[in-house]
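Novice: Quick one: structure below, then a few questions.
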Amino acid sequence: MFRTALRNVLAHKARLLMTVLAVTLGVAFVSGTLVFTDTLKKSLSGQSAKSYEGIAVSVTSYGQGRNEQGEKEGEPGLGQQTLDKIKALPGVDTVSGRVSGFAGVGDESGKLIGSGWSNQGANYTPVKDGKDPRYAFAQGAGPAKADEVALDKATADKGNYKVGDKVRVATNGPVKEYSLAGVFTTEDGAVQAGGSLVLFETKVAQELYLKPGYFQELSVGAKNGTSADKLLADIKPLLDKNTKAQTGAALAAEQAKQIEKGLSNLSTMLLVFAGISLFVGIFLIYNTFTMLVTQRTKELALLRAVGANRGQVMRSVLSEALVVGVLSAAVGLVSGIGLAIGIRSVIGSLGAKLPGGALVIAPGTVTAALVIGVVVTTVAAVLPAWRTGRIAPVAAMGSAHLPATSKSLLVRNILGSIISLGGIGLVFLGVSTGGNSGRMTMGGGAFFMLIGMIVLLPLLSKPVIGAVRPLLQKVFGVPGKLAAQNAVRNPRRTAVTAASLAIGLTLVTTLSVLGITVGKVVDRMSTEKLKADYRVSMSSDAGSLDKSVAETLSKAPGIKAVSPQTAGYFLVDGDFRAASGVNPATIGQLLNVEVLSGSLDSLGKGEVAVAEKTAKKQNFTVGTPLKVKYDDGQEASVKVGAIFKDMEGLLSPYVIDNKILTEHSEEMYIPEVYVNVDGGASKAAQQKVVDALGKNPAITVATQQDMRNEMGGMINTMLNIMYGLLGMALVISVLGVVNTLAMSVFERTQEIGMLRAIGLDRSRVKNMIRLEAVVISLFGAALGVVIGIFLAWAVGSTLAEAMPGYALILPWDRIGIFLLLAAVVGVLAAMWPARSAARLNMLTAIKTE
């Protein structure tokens with residue numbers, strides 16, 4: 001029986017290839033993801049371990065902490081006194097202090113080199129022989145003077161900088177020029193991620209990033225014969241509670257875990273793709289084996305007649321599935337390795353420098369590919385195999401292909417209705433519950449609803465396709481009428497074929513509707529409440545602006561209004577609360593703050609404005625006195641001077657005068673400065689703001705449109721990922737439609753011969769097959785779009801409370817494109833079956849049983 005199964009597999013090479021391809025896509029995604037993440041994890045962990053070579057103990061300061069009263073305590077970092085104490089310990093060979101922060105380098109045109117988040121600055125600390133072991137200099141040497149810097153080689157090459165050149169470097173303050181003392185190579189993670197690294201003389205770096213005389217981290221080297229654990233035990237008593245000490249080995253292991261955790265999101269996303277691909281592929285495999293069993297009804301019945309029992313016949317079909325599964329797993333594993341190499345190349349082309357290293361093909365990856373390929377294929381073939389055992393030997397005497405009767409669909413329809421109604425009920429329960437718990441309930445409901453709808457597809461196909469039959473007949477004549485009839489001739493097969501498109505378009509439509517709707521809401525929430533012509537901020541949200549930025553802009557010609565947006569917090573009645581510091585004189589010109597009671601002018605009198613939701617929760621009204629404690633520990637009593645409509649993303653729940661926050665804080669975090677210019681926004685006005693800031697490469701001057709694009713960027717990225725998913729579903733759907741039409745042509749060989757004999761020419765036969773494919777594809781696509789819109793409405797209902805002004809938006813243009821793609825799928829899939837049907841010999845076809 002196994003030899004028979006193997007021969008049957010080889011006898012249907014085209015369908016074998018399509019089935020293998022469907023499973024291969026999913027296996028390739030799984031194995032490719034595992035190979036890529038395992039390789040990257042090993043490379044990054046090796047790089048991390050290399051960066052800690054020679055470090056016995058690493059000491060890190062978390063800065064000043066706060067006691068229960070909110071008062072600062074402890075040192076801002078690791079002082080020279082702590083460094084000297086550690087250096088004096090027996091067994092300590094070297095101690096070097098590190099400080100780091102943001103530093104941006106401009107190219108010849110003044111544009112920032114690298115990504116803002118990975119542009120770093122640090123101090124150069126010679127340890128032995130006047131060298132810092134972390135850096136290997138290709139040219140020159142490390143900075144030894146306050147006006148010198150060193151650059152990593154990639155940044156120097158991009159900026160065409162050579163030793164002795166003047167380099168414009170920006171931190172969070174004004175741009176400064178330094179002399180380039182040297183160019184180095186490094187394994188630093190920021191540089192490997194496509195950023196830049198600027199090395200300063202230690203005192204300069206301390207002034208820029210912390211405080212003179214203090215370090216953020218100490219790296220301790222041990223003398224020969226001294227263990228890291230012994231050194232760690234000696235160092236710990238010298239540290240305060242806001243400081244942590246670890247051995248270099250422990251820190252490397254910790255970073256390896258963080259790397260693994262950081263890669264989990266990428267891994268999860270790719271595995272979700274793989275899971276959906278495999279889920280959609282199951283329908284194709286099921287359809288393929290169902291058709292093969294139907295096509296071989298007489299053959300299987302003859303096997304029963306000559307002595308094969310039901311179990312042997314079933315095992316024969318499952319053996320075919322096993323062969324297909326093993327083959328798919330092998331091809332998928334090889335394809336996955338190629339995919340991993342491709343992902344690495346794409347990331348490299350985007351500017352990120354991934355560490356080198358051989359591909360890691362773990363035994364678990366090979367096992368996963370084999371198990372997934374075999375299990376998915378076998379599970380999909382179980383039901384068709386079970387049906388083979390029910391074929392009676394007497395069927396060998398007939399020529400019918402035993403199509404499913406309406407009665408045989410009754411149980412399926414009842415089961416599908418129960419599952420669908422249960423899923424819909426859970427979705428509505430989630431809508432009424434709201435919040436995260438409601439969305440979890442809704443997710444379960446969506447899953448059951450989708451499964452139920454797939455089970456009900458045979459029942460739904462007849463009325464839906466029947467409704468468009470008159471239109472097809474009117475537009476395309478006899479081929480259109482025959483196509484509609486053929487599409488519902490075998491409702492089970494039509495349902496399975498349409499299911500893959502229905503699943504893909506359900507997911508894509510849901511995300512598209514939600515993404516576009518949320519994007520519009522975020523756009524309105526931000527730009528409609530923003531009057532400012534420009535927002536000035538650090539590039540790529542790299543940190544805080546210096547207070548000199550607002551001061552410089554307020555003195556520049558052509559600038560009408562400036563308000564730095566300061567982020568801070570204070571204790572209100574014993575609880576920590578986020579606060580925004582603004583300029584009371586200009587905030588009304590820059591932000592459209594809807595005041596519900598009181599006046600924003602009260603901010604200039606030292607009073608506080610409170611957001612509506614917070615005021616309601618705390619029972620605040622205008623005039624309510626608040627006991628506050630500022631960042632420096634000073635206490636005061638302030639009144640509520642205004643209640644305003646919440647402005648999430650623009651203002652904190654508490655708003656106060658910038659001057660007050662500045663007086664009570666040593667360091668201010670200023671994420672942005674809002675600016676209005678004379679004559680309104682224009683390119684010339686934008687350039688004036690850029691010029692006023694000294695063409696600082698680290699500072700971005702964004703228009704309102706720039707802000708819209710920035711806020712929509714993440715949503716667009718998510719949608720692009722989903723459109724990639726749609727493309728994968730379309731590929732599998734093409735294979736499914738090809739299989740279905742091929743079987744349909746086989747079953748109707750005699751019928752097609754008769755149609756040719758009574759006058760249906762080859763072109764109209766082709767049209768009939770093409771229209772059948774388009775009808776099946778559009779049926780699945782339309783169902784997916786309808787379910788997707790329903791789920792988008794349900795999820796959106798739970799977001800409405802947190803997003804004022806939320807209103808569902810249906811992107812008809814994109815929905816139209818989705819349906820058009822589905823029709824194209826039908827046309828492409830029908831090319832081979834239509835050509836085969838048209839080329840049938842008329843007389844031979846009529847004689848076919």
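Identifiers in this document derive from the order of the structure tokens: chains are assigned A, B, ..., residues are numbered from 1 separately in each chain, and ligands are numbered from 1 in order of occurrence.
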Leaving out Thr494 in chain A and any residue of its chain fewer than 4 positions from it, which residues lie within 10 Å of it when counting only C-alpha atoms, given as a list in words?

Specialist: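 In the requested format, the answer is Asn287, Leu457, Pro458, Ser461, Lys462, Asn486, Ala487, Val488, Arg489, Asn490, Ala498, Ala499, Gly736, Val737, Thr740, Leu741, Glu772, Ala773, Val775, Ile776, Ser777, Phe779 and Gly780 of chain A.
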
Novice: Residues within 12 Å of Val608 in chain A, please, as a PyMOL selection string. Count only C-alpha atoms; anything in the same chain fewer than 6 positions from it doesn't count.

Specialist: chain A and resi 570+572+579-582+584+598-602+615+620-628+637-644+652-658+660-661

Novice: Name the residues in contact with range 156-159 of chain A at a cut-off of 9 Å, using only C-alpha atoms, excluding same-chain residues fewer than 4 positions from it; report them as a ChimeraX atom specification.

Specialist: /A:105-108,113,151-152,183

Novice: Show which residues sit within 10 Å of Ala368 in chain A, as a ChimeraX atom specification. Count only C-alpha atoms, and ignore same-chain residues fewer than 4 positions away.

Specialist: /A:27,30-31,34,329,333,362-364,372-374

Novice: Those same residues - all heavy atoms - I'd like them written as a PDB file, in the first residue's frame.

Specialist:
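So out.pdb came out as:
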```pdb
ATOM      1  N   VAL A  27       6.517  26.739   6.560  1.00  0.00           N
ATOM      2  CA  VAL A  27       7.722  26.151   7.164  1.00  0.00           C
ATOM      3  C   VAL A  27       8.915  27.078   6.973  1.00  0.00           C
ATOM      4  O   VAL A  27       9.750  27.246   7.870  1.00  0.00           O
ATOM      5  CB  VAL A  27       8.007  24.766   6.561  1.00  0.00           C
ATOM      6  CG1 VAL A  27       9.327  24.208   7.091  1.00  0.00           C
ATOM      7  CG2 VAL A  27       6.876  23.797   6.886  1.00  0.00           C
ATOM      8  N   VAL A  30       8.803  29.877   9.510  1.00  0.00           N
ATOM      9  CA  VAL A  30       9.173  29.411  10.852  1.00  0.00           C
ATOM     10  C   VAL A  30      10.676  29.163  10.942  1.00  0.00           C
ATOM     11  O   VAL A  30      11.368  29.691  11.827  1.00  0.00           O
ATOM     12  CB  VAL A  30       8.401  28.124  11.212  1.00  0.00           C
ATOM     13  CG1 VAL A  30       8.924  27.537  12.515  1.00  0.00           C
ATOM     14  CG2 VAL A  30       6.914  28.414  11.345  1.00  0.00           C
ATOM     15  N   SER A  31      11.211  28.357  10.017  1.00  0.00           N
ATOM     16  CA  SER A  31      12.634  28.015  10.082  1.00  0.00           C
ATOM     17  C   SER A  31      13.503  29.236   9.818  1.00  0.00           C
ATOM     18  O   SER A  31      14.543  29.420  10.463  1.00  0.00           O
ATOM     19  CB  SER A  31      12.958  26.897   9.088  1.00  0.00           C
ATOM     20  OG  SER A  31      12.570  27.262   7.774  1.00  0.00           O
ATOM     21  N   LEU A  34      13.606  31.299  13.003  1.00  0.00           N
ATOM     22  CA  LEU A  34      14.446  30.683  14.032  1.00  0.00           C
ATOM     23  C   LEU A  34      15.934  30.790  13.678  1.00  0.00           C
ATOM     24  O   LEU A  34      16.760  31.087  14.542  1.00  0.00           O
ATOM     25  CB  LEU A  34      14.048  29.216  14.206  1.00  0.00           C
ATOM     26  CG  LEU A  34      12.632  28.975  14.757  1.00  0.00           C
ATOM     27  CD1 LEU A  34      12.310  27.481  14.782  1.00  0.00           C
ATOM     28  CD2 LEU A  34      12.471  29.571  16.149  1.00  0.00           C
ATOM     29  N   ALA A 329       8.748  19.932   4.379  1.00  0.00           N
ATOM     30  CA  ALA A 329       9.618  20.332   5.491  1.00  0.00           C
ATOM     31  C   ALA A 329      11.047  20.543   5.009  1.00  0.00           C
ATOM     32  O   ALA A 329      11.709  21.518   5.387  1.00  0.00           O
ATOM     33  CB  ALA A 329       9.577  19.275   6.593  1.00  0.00           C
ATOM     34  N   LEU A 333      12.768  24.130   5.007  1.00  0.00           N
ATOM     35  CA  LEU A 333      13.956  24.400   5.819  1.00  0.00           C
ATOM     36  C   LEU A 333      15.036  25.091   4.984  1.00  0.00           C
ATOM     37  O   LEU A 333      15.623  26.091   5.410  1.00  0.00           O
ATOM     38  CB  LEU A 333      14.496  23.094   6.402  1.00  0.00           C
ATOM     39  CG  LEU A 333      15.779  23.211   7.230  1.00  0.00           C
ATOM     40  CD1 LEU A 333      15.560  24.115   8.435  1.00  0.00           C
ATOM     41  CD2 LEU A 333      16.256  21.824   7.672  1.00  0.00           C
ATOM     42  N   ALA A 362      20.098  25.424  14.451  1.00  0.00           N
ATOM     43  CA  ALA A 362      20.005  24.604  15.652  1.00  0.00           C
ATOM     44  C   ALA A 362      19.204  23.333  15.389  1.00  0.00           C
ATOM     45  O   ALA A 362      18.330  23.322  14.512  1.00  0.00           O
ATOM     46  CB  ALA A 362      19.368  25.411  16.782  1.00  0.00           C
ATOM     47  N   PRO A 363      19.469  22.276  16.143  1.00  0.00           N
ATOM     48  CA  PRO A 363      18.668  21.043  15.993  1.00  0.00           C
ATOM     49  C   PRO A 363      17.175  21.312  16.190  1.00  0.00           C
ATOM     50  O   PRO A 363      16.342  20.694  15.522  1.00  0.00           O
ATOM     51  CB  PRO A 363      19.219  20.132  17.098  1.00  0.00           C
ATOM     52  CG  PRO A 363      20.615  20.629  17.333  1.00  0.00           C
ATOM     53  CD  PRO A 363      20.562  22.100  17.113  1.00  0.00           C
ATOM     54  N   GLY A 364      16.850  22.247  17.085  1.00  0.00           N
ATOM     55  CA  GLY A 364      15.449  22.582  17.315  1.00  0.00           C
ATOM     56  C   GLY A 364      14.783  23.147  16.077  1.00  0.00           C
ATOM     57  O   GLY A 364      13.589  22.932  15.849  1.00  0.00           O
ATOM     58  N   ILE A 372       6.414  20.553  11.901  1.00  0.00           N
ATOM     59  CA  ILE A 372       5.363  21.420  11.348  1.00  0.00           C
ATOM     60  C   ILE A 372       4.921  20.927   9.975  1.00  0.00           C
ATOM     61  O   ILE A 372       3.730  20.807   9.694  1.00  0.00           O
ATOM     62  CB  ILE A 372       5.857  22.880  11.266  1.00  0.00           C
ATOM     63  CG1 ILE A 372       5.998  23.462  12.672  1.00  0.00           C
ATOM     64  CG2 ILE A 372       4.892  23.739  10.449  1.00  0.00           C
ATOM     65  CD1 ILE A 372       6.714  24.785  12.706  1.00  0.00           C
ATOM     66  N   GLY A 373       5.901  20.625   9.109  1.00  0.00           N
ATOM     67  CA  GLY A 373       5.558  20.164   7.767  1.00  0.00           C
ATOM     68  C   GLY A 373       4.725  18.896   7.784  1.00  0.00           C
ATOM     69  O   GLY A 373       3.701  18.794   7.101  1.00  0.00           O
ATOM     70  N   VAL A 374       5.142  17.936   8.587  1.00  0.00           N
ATOM     71  CA  VAL A 374       4.449  16.646   8.632  1.00  0.00           C
ATOM     72  C   VAL A 374       3.093  16.770   9.329  1.00  0.00           C
ATOM     73  O   VAL A 374       2.073  16.276   8.834  1.00  0.00           O
ATOM     74  CB  VAL A 374       5.322  15.589   9.337  1.00  0.00           C
ATOM     75  CG1 VAL A 374       4.540  14.300   9.541  1.00  0.00           C
ATOM     76  CG2 VAL A 374       6.579  15.328   8.513  1.00  0.00           C
TER      77      VAL A 374
END
```

Novice: Nearest to Ala698 in chain A among A:Gly504, A:Gly26, A:Gly63, A:Gly110, with distances taken over only C-alpha atoms: which residue is it?

Specialist: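 Ranking A:Gly504, A:Gly26, A:Gly63, A:Gly110 by distance to Ala698 in chain A, first place goes to A:Gly110.
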
Novice: Please run DSSP on the backbone and report, as a list in words, all residues within range 217-252 of chain A that come out as strand (DSSP E).

Specialist: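 Filtering range 217-252 of chain A to strand (DSSP E) leaves Glu217, Leu218, Ser219, Val220, Gly221, Ala222, Thr243, Lys244, Ala245, Gln246 and Thr247 of chain A.
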
Novice: Can you work out the spacing between CA of Gly213 in chain A and CA of Leu78 in chain A in Å, to one decimal?

Specialist: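 Distance reported for this atom pair: 8.4 Å.
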